[in-house]
$ cat target00.txt   # compact mmCIF, C-alpha atoms
# COMPACT_ATOMS: atom_id res chain seq x y z
CA MET A 1 -26.51 34.22 -55.77
CA SER A 2 -28.91 33.30 -52.94
CA SER A 3 -29.41 29.62 -52.14
CA PRO A 4 -32.35 27.96 -53.91
CA LEU A 5 -33.00 25.95 -50.75
CA LEU A 6 -32.36 27.13 -47.22
CA PHE A 7 -33.14 25.35 -43.94
CA GLU A 8 -33.13 27.89 -41.11
CA ALA A 9 -32.96 26.27 -37.67
CA VAL A 10 -35.50 23.63 -38.69
CA THR A 11 -36.18 21.11 -35.94
CA LEU A 12 -36.72 17.58 -37.19
CA SER A 13 -39.58 15.58 -35.76
CA ASN A 14 -37.37 12.94 -34.17
CA ARG A 15 -36.97 12.20 -30.48
CA ARG A 16 -33.72 14.15 -30.18
CA GLY A 17 -35.01 17.29 -31.88
CA THR A 18 -32.14 17.54 -34.38
CA VAL A 19 -31.75 21.07 -35.70
CA CYS A 20 -31.00 21.54 -39.41
CA ASP A 21 -29.40 24.81 -40.36
CA PHE A 22 -27.83 24.72 -43.79
CA ALA A 23 -28.13 26.03 -47.32
CA VAL A 24 -28.16 24.20 -50.62
CA PRO A 25 -26.14 26.42 -52.96
CA ALA A 26 -27.21 26.94 -56.54
CA ASN A 27 -26.02 24.31 -59.02
CA ASP A 28 -24.82 22.00 -56.24
CA VAL A 29 -25.84 18.48 -55.34
CA VAL A 30 -26.46 18.19 -51.59
CA THR A 31 -27.43 15.06 -49.69
CA VAL A 32 -28.70 14.55 -46.16
CA SER A 33 -28.74 11.01 -44.87
CA GLY A 34 -29.62 9.38 -41.59
CA PRO A 35 -31.40 6.45 -39.99
CA GLU A 36 -35.10 5.91 -40.65
CA ASP A 37 -36.11 7.41 -37.30
CA SER A 38 -33.89 10.48 -37.72
CA GLY A 39 -36.60 12.50 -39.45
CA VAL A 40 -34.41 13.05 -42.51
CA GLY A 41 -37.18 11.66 -44.70
CA SER A 42 -39.36 14.67 -43.83
CA LEU A 43 -36.94 17.30 -45.17
CA GLY A 44 -38.30 17.12 -48.72
CA ARG A 45 -41.88 17.48 -47.50
CA LEU A 46 -40.86 20.40 -45.29
CA ALA A 47 -39.16 22.09 -48.23
CA LEU A 48 -42.26 21.75 -50.38
CA GLY A 49 -44.54 22.99 -47.61
CA LEU A 50 -46.37 19.66 -47.45
CA ASP A 51 -45.54 19.61 -43.73
CA ARG A 52 -44.76 22.50 -41.40
CA PRO A 53 -41.58 22.39 -39.33
CA LEU A 54 -41.96 22.28 -35.55
CA ARG A 55 -39.54 25.20 -35.38
CA GLY A 56 -37.60 27.21 -37.93
CA ARG A 57 -38.44 27.73 -41.58
CA VAL A 58 -37.51 26.48 -45.03
CA LEU A 59 -37.01 28.89 -47.92
CA VAL A 60 -37.36 27.51 -51.44
CA LEU A 61 -36.25 29.90 -54.17
CA GLY A 62 -36.58 32.61 -51.51
CA GLU A 63 -40.12 31.67 -50.49
CA ASP A 64 -41.47 29.95 -47.37
CA ILE A 65 -44.01 27.72 -49.14
CA ALA A 66 -45.55 26.50 -45.87
CA ARG A 67 -46.83 30.02 -45.17
CA LEU A 68 -48.28 30.66 -48.62
CA PRO A 69 -52.06 30.37 -49.21
CA ARG A 70 -52.96 26.96 -50.64
CA ALA A 71 -53.42 28.05 -54.26
CA ALA A 72 -50.16 30.01 -54.23
CA ALA A 73 -48.33 27.10 -52.60
CA LEU A 74 -49.59 24.72 -55.29
CA ALA A 75 -48.52 27.12 -58.04
CA PHE A 76 -45.12 27.59 -56.42
CA ARG A 77 -44.49 23.84 -56.16
CA ARG A 78 -44.82 23.58 -59.94
CA ARG A 79 -41.41 25.29 -60.11
CA VAL A 80 -39.73 22.47 -58.18
CA GLY A 81 -39.08 18.93 -59.40
CA TYR A 82 -40.11 16.38 -56.80
CA LEU A 83 -39.37 12.68 -56.64
CA PRO A 84 -41.14 11.36 -53.52
CA ALA A 85 -40.09 8.25 -51.63
CA GLY A 86 -41.59 5.14 -53.22
CA ASP A 87 -41.96 6.95 -56.60
CA GLY A 88 -45.55 8.29 -56.15
CA LEU A 89 -46.55 7.35 -59.70
CA LEU A 90 -50.29 7.31 -60.35
CA GLN A 91 -51.17 3.65 -60.72
CA ASN A 92 -54.06 4.17 -63.13
CA LEU A 93 -51.95 6.14 -65.63
CA SER A 94 -49.35 4.80 -68.03
CA LEU A 95 -45.73 5.79 -67.45
CA GLN A 96 -45.91 8.27 -70.33
CA ASP A 97 -49.07 9.87 -68.93
CA ASN A 98 -47.40 10.09 -65.53
CA VAL A 99 -44.49 11.95 -67.12
CA ALA A 100 -46.89 14.22 -69.00
CA LEU A 101 -48.91 15.04 -65.86
CA PRO A 102 -46.88 18.04 -64.60
CA LEU A 103 -46.61 19.36 -68.15
CA ARG A 104 -50.37 19.22 -68.62
CA PHE A 105 -51.08 20.93 -65.31
CA GLY A 106 -48.10 23.19 -64.83
CA THR A 107 -47.33 24.56 -68.29
CA GLY A 108 -49.22 26.19 -71.08
CA LEU A 109 -47.78 23.78 -73.66
CA ALA A 110 -49.97 22.45 -76.46
CA GLU A 111 -50.69 18.70 -76.43
CA HIS A 112 -48.38 17.97 -79.38
CA GLU A 113 -45.54 19.83 -77.63
CA ILE A 114 -46.18 17.81 -74.46
CA GLN A 115 -46.15 14.56 -76.43
CA GLY A 116 -42.90 15.58 -78.11
CA ARG A 117 -41.23 16.43 -74.84
CA VAL A 118 -42.46 13.23 -73.20
CA ARG A 119 -41.03 11.17 -76.08
CA ILE A 120 -37.62 12.81 -75.65
CA ILE A 121 -37.58 12.26 -71.89
CA LEU A 122 -38.70 8.63 -72.20
CA THR A 123 -35.92 8.00 -74.73
CA MET A 124 -33.37 9.64 -72.46
CA MET A 125 -34.54 7.45 -69.54
CA HIS A 126 -34.63 4.24 -71.66
CA LEU A 127 -38.38 3.93 -71.13
CA THR A 128 -39.66 4.19 -74.70
CA GLU A 129 -40.77 0.57 -74.90
CA VAL A 130 -42.56 0.56 -71.56
CA GLY A 131 -44.05 4.06 -71.93
CA PRO A 132 -47.60 2.77 -72.49
CA ALA A 133 -47.35 0.33 -69.54
CA ARG A 134 -48.77 1.10 -66.13
CA PRO A 135 -46.48 1.29 -63.07
CA ALA A 136 -47.58 -2.14 -61.80
CA GLN A 137 -46.50 -3.71 -65.10
CA VAL A 138 -42.85 -2.60 -64.94
CA ASN A 139 -39.99 -3.24 -62.53
CA ASP A 140 -38.72 -1.07 -59.65
CA GLU A 141 -35.94 0.49 -61.66
CA GLN A 142 -38.27 1.49 -64.50
CA ARG A 143 -40.70 2.98 -62.01
CA ARG A 144 -37.92 5.02 -60.44
CA ARG A 145 -36.77 6.16 -63.87
CA ALA A 146 -40.33 7.21 -64.72
CA ALA A 147 -40.71 9.06 -61.42
CA LEU A 148 -37.48 10.97 -62.07
CA ALA A 149 -38.56 11.65 -65.65
CA ARG A 150 -41.75 13.17 -64.26
CA ALA A 151 -39.79 15.26 -61.74
CA VAL A 152 -37.55 16.82 -64.41
CA ALA A 153 -40.10 16.91 -67.25
CA PHE A 154 -40.58 20.68 -67.03
CA ASP A 155 -36.86 21.33 -66.50
CA PRO A 156 -37.03 22.78 -62.96
CA GLU A 157 -34.09 24.69 -61.50
CA LEU A 158 -34.38 22.77 -58.22
CA VAL A 159 -35.00 19.03 -57.84
CA ILE A 160 -35.88 17.41 -54.50
CA MET A 161 -35.47 13.65 -54.30
CA GLU A 162 -36.42 11.33 -51.44
CA GLN A 163 -34.61 7.96 -51.23
CA PRO A 164 -34.11 7.97 -55.01
CA PHE A 165 -31.42 5.29 -55.16
CA ASP A 166 -32.74 2.63 -52.76
CA GLY A 167 -32.44 -0.79 -54.32
CA LEU A 168 -30.67 0.44 -57.46
CA THR A 169 -27.21 -0.52 -58.64
CA ASP A 170 -24.48 2.15 -58.30
CA ARG A 171 -24.32 2.45 -62.05
CA THR A 172 -28.06 3.12 -62.42
CA ALA A 173 -27.96 5.50 -59.47
CA ALA A 174 -25.12 7.44 -61.14
CA GLU A 175 -27.09 7.62 -64.37
CA LEU A 176 -30.20 8.90 -62.58
CA LEU A 177 -28.16 11.50 -60.69
CA GLU A 178 -26.74 12.68 -64.00
CA VAL A 179 -30.28 13.14 -65.35
CA ALA A 180 -31.38 14.92 -62.16
CA THR A 181 -28.52 17.42 -62.38
CA GLY A 182 -29.23 18.02 -66.06
CA GLY A 183 -25.55 17.60 -66.91
CA VAL A 184 -22.61 19.77 -65.91
CA ALA A 185 -22.28 23.42 -66.93
CA ALA A 186 -19.51 25.94 -66.25
CA GLY A 187 -20.71 26.78 -62.71
CA GLY A 188 -21.43 23.20 -61.61
CA SER A 189 -24.57 21.16 -62.25
CA ARG A 190 -27.20 22.72 -64.45
CA ARG A 191 -29.77 22.17 -61.73
CA THR A 192 -29.67 22.30 -57.96
CA VAL A 193 -30.36 18.86 -56.51
CA PHE A 194 -31.31 18.06 -52.92
CA ILE A 195 -31.39 14.38 -51.94
CA THR A 196 -32.52 12.75 -48.70
CA GLY A 197 -32.24 9.09 -47.78
CA GLN A 198 -30.86 6.58 -45.37
CA ASP A 199 -27.62 6.15 -47.24
CA MET A 200 -25.85 7.24 -50.42
CA PRO A 201 -24.23 4.77 -52.83
CA HIS A 202 -20.42 4.95 -52.50
CA LEU A 203 -19.93 5.58 -56.19
CA LEU A 204 -22.01 8.76 -55.98
CA ARG A 205 -20.23 10.37 -53.05
CA GLN A 206 -17.60 11.96 -55.28
CA ARG A 207 -20.32 13.45 -57.48
CA VAL A 208 -21.99 15.17 -54.54
CA ASP A 209 -20.89 18.66 -53.56
CA MET A 210 -22.00 18.53 -49.93
CA ARG A 211 -22.95 15.59 -47.74
CA TYR A 212 -24.69 15.88 -44.37
CA ARG A 213 -25.62 13.09 -42.00
CA VAL A 214 -27.72 12.96 -38.86
CA VAL A 215 -25.57 11.39 -36.15
CA GLY A 216 -27.29 11.21 -32.78
CA ALA A 217 -28.88 14.59 -32.24
CA GLN A 218 -26.48 16.41 -34.53
CA LEU A 219 -26.47 17.17 -38.22
CA VAL A 220 -22.86 16.64 -39.25
CA ARG A 221 -21.21 17.69 -42.50
CA GLU A 222 -19.32 14.72 -43.95
CA GLY A 223 -17.84 16.14 -47.08
CA MET B 1 -56.19 15.56 -68.13
CA ALA B 2 -58.94 16.06 -65.55
CA GLU B 3 -61.40 15.91 -68.48
CA ARG B 4 -60.12 12.44 -69.30
CA VAL B 5 -60.65 11.39 -65.69
CA LEU B 6 -64.20 12.79 -65.92
CA LEU B 7 -64.95 10.76 -69.07
CA ASN B 8 -63.48 7.60 -67.51
CA GLN B 9 -65.65 8.12 -64.46
CA ILE B 10 -68.79 8.65 -66.57
CA TRP B 11 -67.94 5.47 -68.46
CA PHE B 12 -67.60 3.53 -65.23
CA THR B 13 -70.40 5.16 -63.23
CA ALA B 14 -73.06 5.58 -65.93
CA LEU B 15 -72.47 3.37 -68.95
CA GLN B 16 -71.28 0.29 -67.12
CA ALA B 17 -74.23 0.58 -64.73
CA VAL B 18 -76.83 0.60 -67.54
CA PRO B 19 -77.52 -3.19 -67.48
CA LEU B 20 -77.98 -3.13 -63.69
CA VAL B 21 -80.38 -0.17 -63.88
CA ILE B 22 -82.36 -1.83 -66.70
CA ILE B 23 -82.73 -5.03 -64.65
CA LEU B 24 -83.74 -3.15 -61.48
CA ALA B 25 -86.22 -0.89 -63.31
CA GLY B 26 -87.71 -3.79 -65.25
CA LEU B 27 -88.18 -6.05 -62.25
CA LEU B 28 -89.54 -3.33 -59.96
CA SER B 29 -91.97 -2.06 -62.56
CA PHE B 30 -93.14 -5.57 -63.50
CA LEU B 31 -93.79 -6.48 -59.86
CA VAL B 32 -95.53 -3.23 -58.93
CA ILE B 33 -97.71 -2.96 -62.04
CA SER B 34 -98.66 -6.68 -62.08
CA GLN B 35 -99.83 -6.49 -58.48
CA ALA B 36 -101.53 -3.14 -59.02
CA VAL B 37 -103.47 -4.22 -62.14
CA ARG B 38 -104.68 -7.31 -60.32
CA GLU B 39 -105.60 -5.70 -56.99
CA LEU B 40 -106.84 -2.35 -58.28
CA GLY B 41 -108.76 -4.13 -61.04
CA ARG B 42 -110.60 -6.11 -58.40
CA LEU B 43 -111.60 -2.83 -56.74
CA GLY B 44 -112.44 -1.19 -60.06
CA ALA B 45 -109.75 1.44 -59.58
CA THR B 46 -107.36 0.72 -62.48
CA GLU B 47 -107.19 4.47 -63.13
CA LEU B 48 -104.92 4.67 -60.09
CA ILE B 49 -102.19 2.72 -61.90
CA GLY B 50 -101.06 5.97 -63.50
CA THR B 51 -100.76 7.70 -60.15
CA LEU B 52 -99.00 4.65 -58.76
CA ILE B 53 -96.39 4.53 -61.48
CA VAL B 54 -95.79 8.28 -61.29
CA VAL B 55 -95.70 8.64 -57.51
CA ALA B 56 -94.17 5.32 -56.53
CA VAL B 57 -91.83 4.59 -59.42
CA VAL B 58 -90.95 7.80 -61.28
CA ARG B 59 -90.91 10.18 -58.33
CA GLU B 60 -89.74 8.02 -55.41
CA LEU B 61 -88.45 4.51 -56.07
CA GLY B 62 -86.75 5.25 -59.39
CA PRO B 63 -84.37 7.91 -58.04
CA LEU B 64 -83.93 6.04 -54.75
CA LEU B 65 -83.10 2.62 -56.23
CA THR B 66 -80.86 4.12 -58.92
CA ALA B 67 -78.95 6.13 -56.34
CA LEU B 68 -78.59 3.11 -54.04
CA ALA B 69 -77.32 0.98 -56.93
CA VAL B 70 -74.76 3.61 -57.94
CA ALA B 71 -73.74 4.19 -54.31
CA GLY B 72 -73.12 0.47 -53.84
CA ARG B 73 -71.31 0.13 -57.12
CA SER B 74 -69.41 3.37 -57.66
CA GLY B 75 -69.39 4.90 -54.17
CA THR B 76 -67.34 2.01 -52.82
CA ALA B 77 -65.08 2.15 -55.87
CA ILE B 78 -64.47 5.90 -55.47
CA ALA B 79 -63.67 5.55 -51.77
CA ALA B 80 -61.41 2.52 -52.27
CA GLU B 81 -59.60 4.11 -55.21
CA LEU B 82 -58.94 7.42 -53.47
CA ALA B 83 -57.95 5.67 -50.25
CA THR B 84 -55.48 3.56 -52.24
CA ASN B 85 -54.17 6.72 -53.92
CA LYS B 86 -53.58 8.14 -50.45
CA VAL B 87 -51.94 4.99 -49.05
CA MET B 88 -49.65 4.67 -52.10
CA GLY B 89 -48.45 8.26 -51.64
CA GLU B 90 -50.03 9.39 -54.93
CA VAL B 91 -52.02 12.18 -53.30
CA ASP B 92 -48.89 13.57 -51.65
CA ALA B 93 -47.05 13.27 -54.97
CA LEU B 94 -49.79 15.29 -56.67
CA GLU B 95 -49.57 17.96 -53.97
CA GLY B 96 -45.79 17.94 -54.31
CA MET B 97 -46.10 18.54 -58.05
CA GLY B 98 -48.45 21.44 -57.43
CA ILE B 99 -51.54 19.59 -58.68
CA ASP B 100 -54.58 20.04 -56.48
CA PRO B 101 -55.99 16.56 -55.64
CA MET B 102 -59.38 18.22 -55.30
CA HIS B 103 -59.16 19.35 -58.91
CA TYR B 104 -57.60 16.20 -60.33
CA LEU B 105 -59.21 13.46 -58.22
CA VAL B 106 -62.39 14.74 -56.56
CA LEU B 107 -64.07 17.15 -59.00
CA PRO B 108 -64.12 14.70 -61.96
CA ARG B 109 -65.67 12.03 -59.73
CA LEU B 110 -68.20 14.48 -58.31
CA GLY B 111 -69.15 15.74 -61.77
CA ALA B 112 -69.37 12.23 -63.18
CA ALA B 113 -71.56 11.03 -60.30
CA ILE B 114 -73.96 13.96 -60.73
CA VAL B 115 -74.27 13.49 -64.51
CA SER B 116 -74.44 9.69 -64.25
CA VAL B 117 -77.08 9.42 -61.53
CA SER B 118 -79.31 12.00 -63.27
CA CYS B 119 -79.08 10.18 -66.61
CA LEU B 120 -79.55 6.75 -65.04
CA ILE B 121 -82.71 7.94 -63.24
CA VAL B 122 -84.21 9.08 -66.56
CA LEU B 123 -83.31 5.67 -68.01
CA PHE B 124 -84.81 3.92 -64.98
CA ASP B 125 -88.07 5.84 -65.34
CA ALA B 126 -88.30 5.15 -69.09
CA ILE B 127 -87.67 1.42 -68.63
CA ALA B 128 -90.15 1.29 -65.75
CA VAL B 129 -92.91 2.84 -67.85
CA VAL B 130 -92.21 0.54 -70.82
CA VAL B 131 -91.97 -2.65 -68.73
CA GLY B 132 -95.07 -1.54 -66.84
CA PHE B 133 -96.89 -1.76 -70.15
CA THR B 134 -95.79 -5.39 -70.53
CA ALA B 135 -96.93 -6.17 -67.01
CA ALA B 136 -100.28 -4.50 -67.58
CA ALA B 137 -100.73 -6.32 -70.89
CA THR B 138 -99.90 -9.66 -69.26
CA ASN B 139 -102.61 -8.99 -66.72
CA GLY B 140 -105.25 -8.18 -69.30
CA MET B 141 -105.05 -4.41 -69.69
CA SER B 142 -105.01 -3.02 -73.22
CA PRO B 143 -101.87 -1.09 -74.29
CA ASP B 144 -103.87 1.99 -75.29
CA ARG B 145 -105.57 2.18 -71.94
CA TYR B 146 -102.26 1.72 -70.05
CA PHE B 147 -100.48 4.49 -71.91
CA ASP B 148 -103.53 6.74 -71.70
CA ILE B 149 -103.67 6.36 -67.89
CA VAL B 150 -99.91 6.73 -67.39
CA LEU B 151 -99.46 9.71 -69.72
CA ARG B 152 -102.42 11.52 -68.17
CA SER B 153 -100.85 11.11 -64.71
CA LEU B 154 -97.29 11.95 -65.74
CA ALA B 155 -96.42 15.65 -65.68
CA PHE B 156 -93.19 17.39 -66.68
CA GLY B 157 -92.74 18.35 -63.03
CA ASP B 158 -92.49 14.68 -62.03
CA VAL B 159 -89.62 14.06 -64.43
CA ALA B 160 -87.97 17.34 -63.41
CA GLN B 161 -88.24 16.36 -59.74
CA SER B 162 -86.60 13.01 -60.56
CA ILE B 163 -83.72 14.78 -62.27
CA VAL B 164 -83.26 17.25 -59.42
CA LYS B 165 -83.10 14.28 -57.05
CA GLY B 166 -80.51 12.78 -59.39
CA LEU B 167 -78.37 15.90 -59.06
CA VAL B 168 -78.57 15.82 -55.25
CA PHE B 169 -78.04 12.05 -54.94
CA GLY B 170 -75.19 12.22 -57.46
CA ALA B 171 -73.51 14.96 -55.43
CA ILE B 172 -73.81 12.79 -52.31
CA ILE B 173 -72.32 9.75 -54.11
CA GLY B 174 -69.46 11.84 -55.49
CA ALA B 175 -68.68 13.80 -52.34
CA LEU B 176 -69.04 11.42 -49.39
CA PRO B 177 -66.92 8.55 -50.77
CA SER B 178 -64.26 11.07 -51.89
CA PHE B 179 -64.21 12.53 -48.38
CA HIS B 180 -63.86 9.10 -46.74
CA GLY B 181 -61.29 7.96 -49.30
CA LEU B 182 -59.02 10.95 -48.82
CA ARG B 183 -59.41 10.85 -45.05
CA VAL B 184 -57.29 7.71 -44.60
CA ARG B 185 -53.70 7.98 -43.47
CA ARG B 186 -50.97 5.81 -44.93
CA ASP B 187 -52.28 2.46 -43.75
CA ALA B 188 -53.69 -0.12 -46.19
CA THR B 189 -56.02 -1.57 -43.53
CA GLU B 190 -57.99 1.68 -43.65
CA VAL B 191 -59.01 1.17 -47.31
CA PRO B 192 -61.90 -1.28 -46.70
CA ILE B 193 -63.01 0.76 -43.68
CA ALA B 194 -63.18 3.88 -45.85
CA ALA B 195 -65.16 2.02 -48.52
CA SER B 196 -67.60 0.69 -45.93
CA ARG B 197 -68.09 4.09 -44.28
CA ALA B 198 -68.55 5.69 -47.67
CA VAL B 199 -71.33 3.38 -48.76
CA VAL B 200 -73.14 3.42 -45.40
CA GLY B 201 -72.86 7.21 -45.18
CA SER B 202 -74.09 7.61 -48.75
CA ILE B 203 -77.11 5.34 -48.19
CA VAL B 204 -78.12 7.22 -45.04
CA ALA B 205 -77.64 10.60 -46.74
CA ILE B 206 -79.66 9.48 -49.79
CA PHE B 207 -82.59 8.34 -47.61
CA LEU B 208 -82.45 11.52 -45.52
CA SER B 209 -82.43 13.78 -48.55
CA SER B 210 -85.21 11.72 -50.12
CA ALA B 211 -87.30 12.30 -46.99
CA LEU B 212 -86.41 15.99 -47.16
CA PHE B 213 -87.69 16.14 -50.74
CA VAL B 214 -91.00 14.62 -49.66
CA ALA B 215 -91.25 17.10 -46.80
CA LEU B 216 -90.40 20.14 -48.91
CA LEU B 217 -92.15 19.40 -52.21
$ encode --input "target00.txt" --output "structure tokens"
Amino acid sequence: MSSPLLFEAVTLSNRRGTVCDFAVPANDVVTVSGPEDSGVGSLGRLALGLDRPLRGRVLVLGEDIARLPRAAALAFRRRVGYLPAGDGLLQNLSLQDNVALPLRFGTGLAEHEIQGRVRIILTMMHLTEVGPARPAQVNDEQRRRAALARAVAFDPELVIMEQPFDGLTDRTAAELLEVATGGVAAGGSRRTVFITGQDMPHLLRQRVDMRYRVVGAQLVREG
Amino acid sequence: MAERVLLNQIWFTALQAVPLVIILAGLLSFLVISQAVRELGRLGATELIGTLIVVAVVRELGPLLTALAVAGRSGTAIAAELATNKVMGEVDALEGMGIDPMHYLVLPRLGAAIVSVSCLIVLFDAIAVVVGFTAAATNGMSPDRYFDIVLRSLAFGDVAQSIVKGLVFGAIIGALPSFHGLRVRRDATEVPIAASRAVVGSIVAIFLSSALFVALL
């Protein structure tokens, strides 16, 4: 099976021009970490075609989104779950409306089906009570849970997460990773998960299939 | 979802602005008609009050003042809100989810501004005519005569021109602040700058297009 996410000689926009050349195999959890100025934080945006790489290309589910026309790129991104750094929740919507947003725009589901699915996801993420609250009215952890709930609401085959575990306890981080992967099936995780960040909680390292780290100008495989 | 944003925007831009528009229309009309009845009465030209209220209030000042009030009130809000969306990473998150910010954020605001300004101008004109009656009555003119003069001067084309101006001014108030709001990068200090540019740009564009209307029609 081809890799859902493939970085082909992508040059990061850091001073050293680190080159990323790796694949994220299907049903694996892959992390890339590195210091703030390493450019690691841009990998998710490059994958989604929100930014163009200086050199090289990124293939998502076999497609170079950055080269697609705008409308096609937008439609293609609806197939990928995305948890941006800092959660990216819309402040003027409740948590439950935030979770419903990709379902309302990206699926042909009827409103009652959307409501049903949102209820299930909120229960799974322990957000039922704060569902009607706005992001500013809940704590960091609840916001992160809601952002992940939104990213997996339409059950994507690939999930891209930027700094998803910053400030969370190892236990919460493990729980969120479990939700992101969609549980374990015979061939590994049910979903393919790609995570970027400055560091990975120790407890999670054994649950990750591949770990990369930017060290100096090199991208090094750690495990 | 975008429909809900549109309704929220109409609520904020049109309905919440109703008291302000009523006050502006009432005061302007009272001042203009009081002065006109007094001064034109002295010259024996009270017939011109109808022309005055149609040309000055319905056709020119009504649309202009309504648009300026909405630009000051909602234009700044649109620019500040969208700039905050940008700074908080919400616009990028929408793009990342495959939702076009133009569709979700800009179009509802543009549509709401167009509908709101047009409706508020009609309200402004109606209030101005009614309050003008009070002003005329206070200054000794009979109600029948006032309405006779005004209705004889007022043509459907005047109201239609007001509404067309509302569509154009509304489009300016929806588009320019959205443009300035989404133009910021990820720096919170740019939010007030965007709001300020949006309102100044809107005011200039409203006056320019108003002058263009006078030149063309």
$ residues_around --input "target00.txt" --residues "Ala80 (chain B)" --least-positions-apart "6" --cutoff "7 Å" --atoms "all atoms listed in the file" --output "ChimeraX atom specification"
/B:181,191-192,194-195
$ interface_residues --input "target00.txt" --of "chain B" --to "chain A" --cutoff "8 Å" --atoms "all atoms listed in the file" --output "PyMOL selection string"
chain B and resi 1+85+88-90+92-93+95-100
$ write_last_selection --input "target00.txt" --atoms "C-alpha atoms" --output "CSV table (one decimal), keeping the file's coordinate frame"
chain,number,residue,atom,x,y,z
B,1,MET,CA,-56.2,15.6,-68.1
B,85,ASN,CA,-54.2,6.7,-53.9
B,88,MET,CA,-49.6,4.7,-52.1
B,89,GLY,CA,-48.4,8.3,-51.6
B,90,GLU,CA,-50.0,9.4,-54.9
B,92,ASP,CA,-48.9,13.6,-51.6
B,93,ALA,CA,-47.0,13.3,-55.0
B,95,GLU,CA,-49.6,18.0,-54.0
B,96,GLY,CA,-45.8,17.9,-54.3
B,97,MET,CA,-46.1,18.5,-58.0
B,98,GLY,CA,-48.4,21.4,-57.4
B,99,ILE,CA,-51.5,19.6,-58.7
B,100,ASP,CA,-54.6,20.0,-56.5
$ residues_near_point --input "target00.txt" --point "(-94.4, -11.8, -68.4)" --cutoff "12 Å" --atoms "only C-alpha atoms" --output "CSV table (one decimal) with C-alpha atoms, keeping the file's coordinate frame"
chain,number,residue,atom,x,y,z
B,26,GLY,CA,-87.7,-3.8,-65.2
B,27,LEU,CA,-88.2,-6.0,-62.2
B,29,SER,CA,-92.0,-2.1,-62.6
B,30,PHE,CA,-93.1,-5.6,-63.5
B,31,LEU,CA,-93.8,-6.5,-59.9
B,33,ILE,CA,-97.7,-3.0,-62.0
B,34,SER,CA,-98.7,-6.7,-62.1
B,131,VAL,CA,-92.0,-2.6,-68.7
B,132,GLY,CA,-95.1,-1.5,-66.8
B,133,PHE,CA,-96.9,-1.8,-70.2
B,134,THR,CA,-95.8,-5.4,-70.5
B,135,ALA,CA,-96.9,-6.2,-67.0
B,136,ALA,CA,-100.3,-4.5,-67.6
B,137,ALA,CA,-100.7,-6.3,-70.9
B,138,THR,CA,-99.9,-9.7,-69.3
B,139,ASN,CA,-102.6,-9.0,-66.7
B,140,GLY,CA,-105.2,-8.2,-69.3
$ axis_aligned_box --input "target00.txt" --around "region 127-130 of chain A" --padding-each-side "6 Å" --output "AutoDock Vina command-line options"
--center_x -40.5 --center_y 2.4 --center_z -73.0 --size_x 16.2 --size_y 15.6 --size_z 15.8
$ residues_around --input "target00.txt" --residues "Ala2 (chain B)" --least-positions-apart "6" --cutoff "12 Å" --atoms "only C-alpha atoms" --output "ChimeraX atom specification"
/A:101,104-105 /B:8-9,99-112
$ atom_distance --input "target00.txt" --atom1 "CA of Ala66 (chain A)" --atom2 "CA of Val152 (chain A)"
22.4 Å
$ residues_around --input "target00.txt" --residues "Arg213 (chain A)" --least-positions-apart "6" --cutoff "12 Å" --atoms "all atoms listed in the file" --output "list of chain:residue names"
A:Thr18, A:Val19, A:Cys20, A:Phe22, A:Val30, A:Thr31, A:Val32, A:Ser33, A:Gly34, A:Pro35, A:Glu36, A:Ser38, A:Gly39, A:Val40, A:Gly41, A:Ile195, A:Thr196, A:Gly197, A:Gln198, A:Asp199, A:Met200, A:Leu219, A:Val220, A:Arg221, A:Glu222, A:Gly223
$ write_last_selection --input "target00.txt" --atoms "C-alpha atoms" --output "JSON list (two decimals), keeping the file's coordinate frame"
[["chain", "number", "residue", "atom", "x", "y", "z"],
["A", 18, "THR", "CA", -32.14, 17.54, -34.38],
["A", 19, "VAL", "CA", -31.75, 21.07, -35.70],
["A", 20, "CYS", "CA", -31.00, 21.54, -39.41],
["A", 22, "PHE", "CA", -27.83, 24.72, -43.79],
["A", 30, "VAL", "CA", -26.46, 18.19, -51.59],
["A", 31, "THR", "CA", -27.43, 15.06, -49.69],
["A", 32, "VAL", "CA", -28.70, 14.55, -46.16],
["A", 33, "SER", "CA", -28.74, 11.01, -44.87],
["A", 34, "GLY", "CA", -29.62, 9.38, -41.59],
["A", 35, "PRO", "CA", -31.40, 6.45, -39.99],
["A", 36, "GLU", "CA", -35.10, 5.91, -40.65],
["A", 38, "SER", "CA", -33.89, 10.48, -37.72],
["A", 39, "GLY", "CA", -36.60, 12.50, -39.45],
["A", 40, "VAL", "CA", -34.41, 13.05, -42.51],
["A", 41, "GLY", "CA", -37.18, 11.66, -44.70],
["A", 195, "ILE", "CA", -31.39, 14.38, -51.94],
["A", 196, "THR", "CA", -32.52, 12.75, -48.70],
["A", 197, "GLY", "CA", -32.24, 9.09, -47.78],
["A", 198, "GLN", "CA", -30.86, 6.58, -45.37],
["A", 199, "ASP", "CA", -27.62, 6.15, -47.24],
["A", 200, "MET", "CA", -25.85, 7.24, -50.42],
["A", 219, "LEU", "CA", -26.47, 17.17, -38.22],
["A", 220, "VAL", "CA", -22.86, 16.64, -39.25],
["A", 221, "ARG", "CA", -21.21, 17.69, -42.50],
["A", 222, "GLU", "CA", -19.32, 14.72, -43.95],
["A", 223, "GLY", "CA", -17.84, 16.14, -47.08]]
$ closest_atom_pairs --input "target00.txt" --of "region 179-219 of chain A" --to "region 1-10 of chain A" --cutoff "12 Å" --atoms "only C-alpha atoms" --output "CSV"
residue,atom,partner,partner_atom,distance
A:Gly187,CA,A:Met1,CA,11.7
A:Arg191,CA,A:Pro4,CA,10.1
A:Thr192,CA,A:Pro4,CA,7.5
A:Val193,CA,A:Leu5,CA,9.5
A:Phe194,CA,A:Leu5,CA,8.4
A:Ile195,CA,A:Leu5,CA,11.7
A:Leu219,CA,A:Val10,CA,11.1
